[in-house]
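Reviewing the structure listed below.
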Amino acid sequence: MPEQTAVLLVDSYTTKCGRCGKGARIKDTHHTRLMSGWSTPDPRDRPCGARFVAISTRRLEYTVEQLSELRPDLPAYAAGRVPRDLTT
């Protein structure tokens, strides 16, 4: 089975995995730990384990440059600009 990949999605106060939608830690290379937003994660929730291959956002005010500063090791895409075939 090929490795699953995901986009790291940055929001105002949280970071999420684009594959499963659960909170992710911004510096992790794989979604192996959950990060809570404003509330405590459900103890039954589990991270999906996908490898982050890009960083993006759904917020129009964030620039590619700002995203690149957060994760210089990942390609950055503006809101709505992530290629559809990027994740598996």
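Residue numbering restarts at 1 in every chain; chains get A, B, ... in the order shown in the structure tokens, and ligands count up from 1 in that same order.
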Practice problem: Find the residues around A:Val10 up to 8 Å (only C-alpha atoms counted), leave out those fewer than 5 positions away in its own chain, and share them as a ChimeraX atom specification. | Solution: /A:15-16,55-58
Exercise. Step one, run DSSP on the backbone; step two, keep only residues of stretch 15-60 of chain A assigned to strand (DSSP E or B); then write them as a VMD selection string.
Key: chain A and resid 15 to 17 23 to 24 30 34 51 to 57
Output file for the residues above (C-alpha atoms, as a PDB file, in the first residue's frame):
ATOM      1  CA  THR A  15      -3.413  23.744  11.862  1.00  0.00           C
ATOM      2  CA  LYS A  16      -5.205  20.743  10.347  1.00  0.00           C
ATOM      3  CA  CYS A  17      -4.458  17.722   8.240  1.00  0.00           C
ATOM      4  CA  GLY A  23      -5.712  19.043  14.230  1.00  0.00           C
ATOM      5  CA  ALA A  24      -2.023  18.673  13.384  1.00  0.00           C
ATOM      6  CA  HIS A  30       3.679  13.162   9.337  1.00  0.00           C
ATOM      7  CA  LEU A  34      -3.205  15.514  17.277  1.00  0.00           C
ATOM      8  CA  ARG A  51       3.058  12.513   5.277  1.00  0.00           C
ATOM      9  CA  PHE A  52       2.696  16.268   4.743  1.00  0.00           C
ATOM     10  CA  VAL A  53       3.753  17.174   1.205  1.00  0.00           C
ATOM     11  CA  ALA A  54       2.632  20.823   1.056  1.00  0.00           C
ATOM     12  CA  ILE A  55       1.282  23.669   3.156  1.00  0.00           C
ATOM     13  CA  SER A  56      -1.750  25.766   2.302  1.00  0.00           C
ATOM     14  CA  THR A  57      -4.704  27.588   3.811  1.00  0.00           C
TER      15      THR A  57
END
Quiz item: Near stretch 69-75 of chain A, within 12 Å and counting only C-alpha atoms, which residues show up once chain neighbours fewer than 2 positions away are dropped, as a ChimeraX atom specification?
Solution: /A:6-10,15,25-29,51-57,62-67,77-78,81-83,86
Would you mind exporting the chosen residues as a short mmCIF file (atom, residue, chain, number, x, y, z; two decimals), in the first residue's frame, restricted to N, CA, C and O atoms?
data_model
loop_
_atom_site.label_atom_id
_atom_site.label_comp_id
_atom_site.auth_asym_id
_atom_site.auth_seq_id
_atom_site.Cartn_x
_atom_site.Cartn_y
_atom_site.Cartn_z
N ALA A 6 -0.72 14.23 2.57
CA ALA A 6 -1.73 15.24 2.90
C ALA A 6 -1.12 16.63 2.81
O ALA A 6 0.09 16.79 2.82
N VAL A 7 -2.00 17.61 2.76
CA VAL A 7 -1.61 19.02 2.80
C VAL A 7 -1.84 19.51 4.23
O VAL A 7 -2.87 19.20 4.84
N LEU A 8 -0.90 20.24 4.76
CA LEU A 8 -1.03 20.86 6.07
C LEU A 8 -1.78 22.17 5.87
O LEU A 8 -1.34 23.05 5.13
N LEU A 9 -2.94 22.31 6.51
CA LEU A 9 -3.80 23.48 6.32
C LEU A 9 -3.69 24.42 7.53
O LEU A 9 -3.97 24.01 8.66
N VAL A 10 -3.32 25.66 7.27
CA VAL A 10 -3.15 26.67 8.32
C VAL A 10 -4.41 27.53 8.37
O VAL A 10 -4.93 27.96 7.35
N THR A 15 -3.99 24.38 13.04
CA THR A 15 -3.41 23.74 11.86
C THR A 15 -4.06 22.37 11.76
O THR A 15 -4.17 21.67 12.75
N ARG A 25 0.12 19.20 14.29
CA ARG A 25 1.18 20.10 14.78
C ARG A 25 1.98 20.60 13.57
O ARG A 25 2.39 19.83 12.72
N ILE A 26 2.21 21.89 13.54
CA ILE A 26 2.76 22.53 12.36
C ILE A 26 4.16 22.04 11.98
O ILE A 26 4.51 22.02 10.82
N LYS A 27 4.96 21.60 12.92
CA LYS A 27 6.33 21.18 12.62
C LYS A 27 6.46 19.70 12.31
O LYS A 27 7.54 19.25 11.92
N ASP A 28 5.40 18.92 12.47
CA ASP A 28 5.48 17.48 12.22
C ASP A 28 5.57 17.18 10.72
O ASP A 28 4.94 17.86 9.90
N THR A 29 6.35 16.17 10.36
CA THR A 29 6.46 15.76 8.96
C THR A 29 5.33 14.81 8.56
O THR A 29 4.97 14.72 7.40
N ARG A 51 1.86 11.66 5.36
CA ARG A 51 3.06 12.51 5.28
C ARG A 51 2.64 13.84 4.66
O ARG A 51 1.96 13.89 3.63
N PHE A 52 3.03 14.95 5.28
CA PHE A 52 2.70 16.27 4.74
C PHE A 52 3.61 16.58 3.56
O PHE A 52 4.83 16.53 3.68
N VAL A 53 3.00 16.91 2.43
CA VAL A 53 3.75 17.17 1.20
C VAL A 53 3.64 18.63 0.74
O VAL A 53 4.30 19.03 -0.22
N ALA A 54 2.80 19.41 1.41
CA ALA A 54 2.63 20.82 1.06
C ALA A 54 1.94 21.53 2.21
O ALA A 54 1.37 20.90 3.10
N ILE A 55 1.98 22.85 2.18
CA ILE A 55 1.28 23.67 3.16
C ILE A 55 0.39 24.64 2.40
O ILE A 55 0.77 25.15 1.34
N SER A 56 -0.81 24.86 2.93
CA SER A 56 -1.75 25.77 2.30
C SER A 56 -2.70 26.30 3.36
O SER A 56 -2.51 26.07 4.55
N THR A 57 -3.72 26.98 2.93
CA THR A 57 -4.70 27.59 3.81
C THR A 57 -6.02 27.72 3.07
O THR A 57 -6.07 27.59 1.85
N TYR A 62 -3.81 35.01 3.82
CA TYR A 62 -2.46 34.44 4.00
C TYR A 62 -1.77 34.31 2.66
O TYR A 62 -2.31 33.78 1.71
N THR A 63 -0.53 34.79 2.61
CA THR A 63 0.23 34.74 1.36
C THR A 63 1.09 33.48 1.30
O THR A 63 1.38 32.87 2.33
N VAL A 64 1.53 33.15 0.12
CA VAL A 64 2.43 32.02 -0.07
C VAL A 64 3.73 32.27 0.70
O VAL A 64 4.30 31.35 1.28
N GLU A 65 4.18 33.50 0.73
CA GLU A 65 5.40 33.84 1.46
C GLU A 65 5.26 33.56 2.95
O GLU A 65 6.17 33.03 3.58
N GLN A 66 4.11 33.91 3.52
CA GLN A 66 3.88 33.65 4.95
C GLN A 66 3.86 32.14 5.22
O GLN A 66 4.42 31.68 6.21
N LEU A 67 3.22 31.39 4.34
CA LEU A 67 3.17 29.94 4.51
C LEU A 67 4.57 29.34 4.38
O LEU A 67 4.93 28.43 5.13
N TYR A 77 1.12 26.76 -1.16
CA TYR A 77 0.09 27.09 -2.14
C TYR A 77 -0.91 28.03 -1.52
O TYR A 77 -1.34 27.84 -0.37
N ALA A 78 -1.32 29.05 -2.28
CA ALA A 78 -2.35 29.98 -1.83
C ALA A 78 -3.68 29.25 -1.72
O ALA A 78 -3.85 28.14 -2.25
N ARG A 81 -5.39 26.83 -4.44
CA ARG A 81 -4.41 26.61 -5.51
C ARG A 81 -3.67 25.28 -5.40
O ARG A 81 -2.76 25.03 -6.19
N VAL A 82 -4.03 24.42 -4.47
CA VAL A 82 -3.34 23.13 -4.32
C VAL A 82 -3.73 22.22 -5.49
O VAL A 82 -4.91 22.03 -5.76
N PRO A 83 -2.75 21.66 -6.20
CA PRO A 83 -3.08 20.74 -7.31
C PRO A 83 -3.87 19.54 -6.80
O PRO A 83 -3.56 18.98 -5.75
N LEU A 86 -2.00 16.21 -5.94
CA LEU A 86 -0.87 16.32 -5.04
C LEU A 86 -0.89 15.26 -3.93
O LEU A 86 0.13 14.72 -3.55
#
Self-check item: Residue with smallest distance to A:Thr14 - pool A:Ala79, A:Cys48, A:Arg59, A:Met35, counting only C-alpha atoms
Solution: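 So, comparing all the options, the nearest one is A:Met35.
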Quiz prompt | Å distance separating atom CA of A:Thr5 from atom CA of A:Glu61, one decimal place | solution = 25.4 Å
Exercise. Could you jot down the atom CA of A:Lys22 to atom CA of A:Pro47 separation for me, Å, one decimal place?
Key: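 These atoms are spaced 7.0 Å apart.
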Exercise. Please run DSSP on the backbone and report, as a ChimeraX atom specification, all residues within chain A that come out as helix (DSSP H, G or I).
Key: /A:64-70,84-86
For the residues selected in the previous step, produce a file with N, CA and C atoms as a short mmCIF file (atom, residue, chain, number, x, y, z; two decimals), in the first residue's frame.
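As a result, out-v5.cif now contains:
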data_model
loop_
_atom_site.label_atom_id
_atom_site.label_comp_id
_atom_site.auth_asym_id
_atom_site.auth_seq_id
_atom_site.Cartn_x
_atom_site.Cartn_y
_atom_site.Cartn_z
N VAL A 64 1.53 33.15 0.12
CA VAL A 64 2.43 32.02 -0.07
C VAL A 64 3.73 32.27 0.70
N GLU A 65 4.18 33.50 0.73
CA GLU A 65 5.40 33.84 1.46
C GLU A 65 5.26 33.56 2.95
N GLN A 66 4.11 33.91 3.52
CA GLN A 66 3.88 33.65 4.95
C GLN A 66 3.86 32.14 5.22
N LEU A 67 3.22 31.39 4.34
CA LEU A 67 3.17 29.94 4.51
C LEU A 67 4.57 29.34 4.38
N SER A 68 5.34 29.85 3.45
CA SER A 68 6.71 29.36 3.27
C SER A 68 7.58 29.63 4.48
N GLU A 69 7.34 30.73 5.16
CA GLU A 69 8.09 31.03 6.39
C GLU A 69 7.77 30.03 7.49
N LEU A 70 6.51 29.58 7.54
CA LEU A 70 6.11 28.60 8.56
C LEU A 70 6.76 27.25 8.32
N ARG A 84 -4.89 19.14 -7.53
CA ARG A 84 -5.77 18.04 -7.11
C ARG A 84 -5.02 16.72 -6.96
N ASP A 85 -4.02 16.47 -7.77
CA ASP A 85 -3.31 15.20 -7.74
C ASP A 85 -2.11 15.20 -6.78
N LEU A 86 -2.00 16.21 -5.94
CA LEU A 86 -0.87 16.32 -5.04
C LEU A 86 -0.89 15.26 -3.93
#
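Rounded to one decimal, atom CA of A:His31 and atom CA of A:Leu60 lie 24.3 Å from each other.
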